[in-house]
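Pasted below: coords38.txt, compact mmCIF, C-alpha atoms.
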# COMPACT_ATOMS: atom_id res chain seq x y z
CA MET A 1 55.63 -3.39 -87.83
CA LEU A 2 54.35 -0.04 -86.63
CA THR A 3 51.86 1.89 -88.72
CA LEU A 4 51.69 5.46 -89.98
CA THR A 5 47.91 5.33 -90.04
CA SER A 6 46.47 7.77 -87.55
CA PRO A 7 44.41 6.27 -84.73
CA ILE A 8 42.25 9.42 -84.90
CA GLU A 9 39.35 8.34 -87.07
CA THR A 10 38.33 10.70 -89.89
CA ALA A 11 35.83 10.39 -92.73
CA ALA A 12 38.77 9.73 -95.07
CA HIS A 13 39.60 6.53 -93.18
CA ARG A 14 36.43 4.97 -94.61
CA LEU A 15 37.27 5.74 -98.26
CA PRO A 16 38.88 2.95 -100.30
CA ALA A 17 42.66 3.16 -100.65
CA SER A 18 42.38 3.06 -104.44
CA VAL A 19 40.18 6.16 -104.44
CA LYS A 20 42.54 8.07 -102.15
CA LEU A 21 45.66 7.07 -104.10
CA ALA A 22 44.03 7.96 -107.45
CA ALA A 23 42.92 11.33 -106.06
CA LEU A 24 46.43 11.93 -104.72
CA ALA A 25 47.98 11.14 -108.11
CA LEU A 26 45.57 13.47 -109.93
CA PHE A 27 45.97 16.24 -107.36
CA THR A 28 49.77 16.04 -107.41
CA ALA A 29 49.86 16.02 -111.23
CA SER A 30 47.54 19.04 -111.31
CA LEU A 31 49.97 20.96 -109.08
CA PHE A 32 52.47 20.92 -111.95
CA ALA A 33 49.92 22.55 -114.25
CA LEU A 34 49.63 25.49 -111.84
CA LYS A 35 52.29 28.14 -112.31
CA SER A 36 51.39 31.13 -110.14
CA PRO A 37 52.08 31.18 -106.42
CA THR A 38 48.51 32.41 -105.84
CA SER A 39 46.94 29.38 -107.52
CA LEU A 40 49.37 27.07 -105.72
CA ALA A 41 48.53 28.70 -102.38
CA LEU A 42 44.84 28.13 -103.10
CA ALA A 43 45.59 24.50 -103.99
CA ALA A 44 47.45 24.16 -100.67
CA LEU A 45 44.15 24.92 -98.92
CA ILE A 46 42.80 21.54 -100.08
CA PRO A 47 45.17 19.30 -98.06
CA ALA A 48 45.14 21.89 -95.25
CA GLY A 49 41.36 21.66 -95.08
CA LEU A 50 41.42 17.86 -95.21
CA ILE A 51 43.97 17.74 -92.41
CA ALA A 52 42.02 20.29 -90.35
CA SER A 53 38.86 18.19 -90.78
CA GLY A 54 40.50 15.55 -88.60
CA GLY A 55 40.64 17.90 -85.63
CA ALA A 56 43.44 19.64 -83.75
CA SER A 57 45.16 16.45 -82.59
CA PHE A 58 45.17 15.01 -86.12
CA ALA A 59 46.55 18.31 -87.49
CA ARG A 60 49.33 18.38 -84.86
CA GLU A 61 50.35 14.83 -85.74
CA SER A 62 50.33 15.70 -89.44
CA ALA A 63 52.49 18.78 -88.82
CA ARG A 64 54.90 16.66 -86.75
CA MET A 65 55.25 14.22 -89.62
CA LEU A 66 56.08 17.09 -92.01
CA ARG A 67 58.88 18.43 -89.79
CA PRO A 68 61.64 16.41 -91.54
CA LEU A 69 60.84 18.43 -94.67
CA LEU A 70 62.08 21.66 -93.04
CA PRO A 71 65.80 21.31 -93.96
CA ILE A 72 64.87 20.71 -97.60
CA ILE A 73 62.56 23.72 -97.57
CA LEU A 74 65.33 25.88 -96.10
CA ILE A 75 67.88 24.75 -98.68
CA ILE A 76 65.50 25.42 -101.58
CA ALA A 77 64.46 28.80 -100.13
CA LEU A 78 68.07 29.88 -99.58
CA TRP A 79 69.10 28.74 -103.05
CA HIS A 80 66.34 30.75 -104.71
CA LEU A 81 67.03 33.75 -102.50
CA ILE A 82 70.70 33.69 -103.45
CA LEU A 83 69.80 33.42 -107.14
CA ARG A 84 67.03 36.02 -106.70
CA ASP A 85 64.75 33.58 -108.50
CA PRO A 86 61.05 34.16 -107.72
CA SER A 87 60.11 30.70 -109.02
CA GLY A 88 61.31 29.32 -105.67
CA VAL A 89 58.01 30.31 -104.07
CA ALA A 90 56.07 28.19 -106.56
CA ILE A 91 58.47 25.28 -106.11
CA LEU A 92 58.15 25.40 -102.33
CA LEU A 93 54.36 25.67 -102.43
CA ARG A 94 54.18 22.73 -104.83
CA LEU A 95 56.49 20.63 -102.65
CA ILE A 96 54.76 21.38 -99.36
CA THR A 97 51.29 20.88 -100.86
CA ALA A 98 52.17 17.55 -102.49
CA VAL A 99 53.86 16.19 -99.37
CA ALA A 100 51.00 17.34 -97.13
CA ALA A 101 48.48 15.63 -99.41
CA ALA A 102 50.54 12.42 -99.50
CA ASN A 103 50.91 12.59 -95.73
CA PHE A 104 47.13 12.87 -95.36
CA VAL A 105 46.61 9.79 -97.54
CA THR A 106 49.23 7.87 -95.58
CA MET A 107 47.67 8.86 -92.26
CA THR A 108 44.19 7.76 -93.36
CA THR A 109 45.04 4.54 -95.21
CA ARG A 110 46.12 1.24 -93.74
CA LEU A 111 49.39 -0.06 -95.13
CA ALA A 112 47.77 -3.41 -96.00
CA ASP A 113 45.20 -1.59 -98.14
CA MET A 114 47.97 0.29 -99.96
CA ILE A 115 49.84 -2.95 -100.60
CA THR A 116 46.70 -4.43 -102.16
CA VAL A 117 46.33 -1.44 -104.50
CA PHE A 118 50.02 -1.52 -105.46
CA GLU A 119 49.78 -5.26 -106.20
CA ARG A 120 46.77 -4.69 -108.45
CA LEU A 121 48.55 -1.87 -110.29
CA ALA A 122 51.72 -3.95 -110.73
CA ARG A 123 49.99 -6.94 -112.36
CA PRO A 124 51.02 -5.89 -115.90
CA LEU A 125 54.66 -6.09 -114.74
CA ARG A 126 54.27 -9.74 -113.69
CA PRO A 127 56.60 -11.09 -116.45
CA ILE A 128 59.39 -8.79 -115.25
CA LEU A 129 58.72 -8.37 -111.54
CA PRO A 130 56.35 -10.20 -109.19
CA PRO A 131 53.60 -7.74 -108.12
CA LYS A 132 53.85 -8.81 -104.46
CA THR A 133 57.56 -7.98 -104.43
CA LEU A 134 57.04 -4.51 -105.88
CA ALA A 135 54.08 -3.78 -103.60
CA LEU A 136 56.04 -4.86 -100.55
CA ALA A 137 59.04 -2.73 -101.56
CA ILE A 138 56.83 0.35 -101.94
CA ALA A 139 55.08 -0.33 -98.64
CA LEU A 140 58.37 -0.84 -96.80
CA THR A 141 59.68 2.43 -98.23
CA ILE A 142 56.57 4.28 -97.08
CA ARG A 143 56.84 2.73 -93.66
CA PHE A 144 60.55 2.84 -92.94
CA VAL A 145 61.69 6.23 -94.28
CA PRO A 146 60.24 8.02 -91.21
CA THR A 147 61.69 5.33 -88.95
CA LEU A 148 65.14 5.74 -90.46
CA MET A 149 64.90 9.52 -90.11
CA THR A 150 64.01 9.13 -86.43
CA ARG A 151 66.94 6.77 -85.97
CA ALA A 152 69.31 9.22 -87.67
CA GLU A 153 68.15 11.96 -85.30
CA GLN A 154 68.76 9.67 -82.31
CA ILE A 155 72.29 8.99 -83.57
CA ARG A 156 72.93 12.74 -83.99
CA GLN A 157 71.72 13.40 -80.44
CA SER A 158 73.88 10.57 -79.12
CA TRP A 159 76.91 12.02 -80.92
CA ARG A 160 76.25 15.48 -79.47
CA ALA A 161 76.02 14.02 -75.98
CA ARG A 162 79.39 12.26 -76.31
CA SER A 163 81.50 14.60 -78.39
CA PRO A 164 82.17 18.33 -78.50
CA ARG A 165 82.76 18.05 -82.27
CA ARG A 166 79.99 18.36 -84.82
CA PRO A 167 78.65 15.06 -86.20
CA GLY A 168 80.21 14.34 -89.56
Would you mind writing the file's structure down as structure tokens?
Amino acid sequence: MLTLTSPIETAAHRLPASVKLAALALFTASLFALKSPTSLALAALIPAGLIASGGASFARESARMLRPLLPIILIIALWHLILRDPSGVAILLRLITAVAAANFVTMTTRLADMITVFERLARPLRPILPPKTLALAIALTIRFVPTLMTRAEQIRQSWRARSPRRPG
């Protein structure tokens, strides 16, 4: 299985997965307490700074991994523009900031370390669901969503090469 962990070593790579995942959970939850676009823009500087601390190559890779989010951003932006709803700015800032922070954690944490943390957290669910099963399901989701998106793009390109009609 391929990994989403960046080969570019940063200081965050040396932090325990549990610390990074707990910080991510707290940071993401705190984003929902912020209401103004200004405070959300300031909060967005945190993952931006963390990503920038990895260097230009690390930042480019992080930006590349966020590219699949663009259609969702466009749909939300258009919807709020049509409705003339200014809350769309806050929603977009919250979304982009949370995904960038999660992306940073994913890029700096080995999948095996995440599985271990998920197993530990799932122990209270043992009577209902084996912790290893839940941890593996979460890890596979983290790992294979980008792979499936890449595959979908390859299929779209293949369709365009073979047919004058739009893929449907």
Residue among A:Leu21, A:Val89, A:Ala48, A:Ile82 lying closest to A:Lys35, counting all atoms listed in the file: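 Looking at the shortest contact to A:Lys35, the residue is A:Val89.
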Who sits within 10 Å of A:Phe58, only C-alpha atoms, same chain under 3 positions skipped, as an MDAnalysis selection string: chainID A and resid 6:10 51:55 61:64 104 107
Report, as AutoDock Vina command-line options, the centre and edge lengths in Å (one decimal) of the axis-aligned box enclosing every listed atom of stretch 96-100 of chain A, padded by 5 Å on each side.
--center_x 52.9 --center_y 18.8 --center_z -99.8 --size_x 13.8 --size_y 15.2 --size_z 15.4
Gap from atom CA of A:Ala29 to atom CA of A:Arg94 - Å, one decimal: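 Between atom CA of A:Ala29 and atom CA of A:Arg94 the gap works out to 10.2 Å.
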Selection: 8 Å around stretch 143-153 of chain A, all atoms listed in the file, excl. self and same-chain fewer than 2 positions, as a ChimeraX atom specification: /A:2-4,68,139-141,155-157
Neighbour list for A:Thr108 as a ChimeraX atom specification, cut-off 7 Å, all atoms listed in the file, skip fewer than 6 positions in-chain: /A:5-6,12-13
Residue list as a ChimeraX atom specification for point (45.0, 27.6, -105.3), cut-off 12 Å, only C-alpha atoms: /A:27,30-31,33-48,90,93-94,97
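Here atom CA of A:Ala59 stands at a distance of 28.2 Å from atom CA of A:Leu136.
Residues surrounding A:Ile115 within 9 Å are Arg110, Arg120, Lys132, Ala135, Leu136, Ile138 and Ala139 of chain A [all atoms listed in the file; sequence separation below 5 positions excluded].
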Quick one: write out the picked residues with C-alpha atoms as a PDB file, keeping the file's coordinate frame?
ATOM      1  CA  ARG A 110      46.120   1.240 -93.740  1.00  0.00           C
ATOM      2  CA  ARG A 120      46.770  -4.690-108.450  1.00  0.00           C
ATOM      3  CA  LYS A 132      53.850  -8.810-104.460  1.00  0.00           C
ATOM      4  CA  ALA A 135      54.080  -3.780-103.600  1.00  0.00           C
ATOM      5  CA  LEU A 136      56.040  -4.860-100.550  1.00  0.00           C
ATOM      6  CA  ILE A 138      56.830   0.350-101.940  1.00  0.00           C
ATOM      7  CA  ALA A 139      55.080  -0.330 -98.640  1.00  0.00           C
TER       8      ALA A 139
END
Straight-line distance linking atom CA of A:Arg162 with atom CA of A:Arg67, stated in Å to one decimal: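 Computing the Euclidean distance for atom CA of A:Arg162 and atom CA of A:Arg67 yields 25.3 Å.
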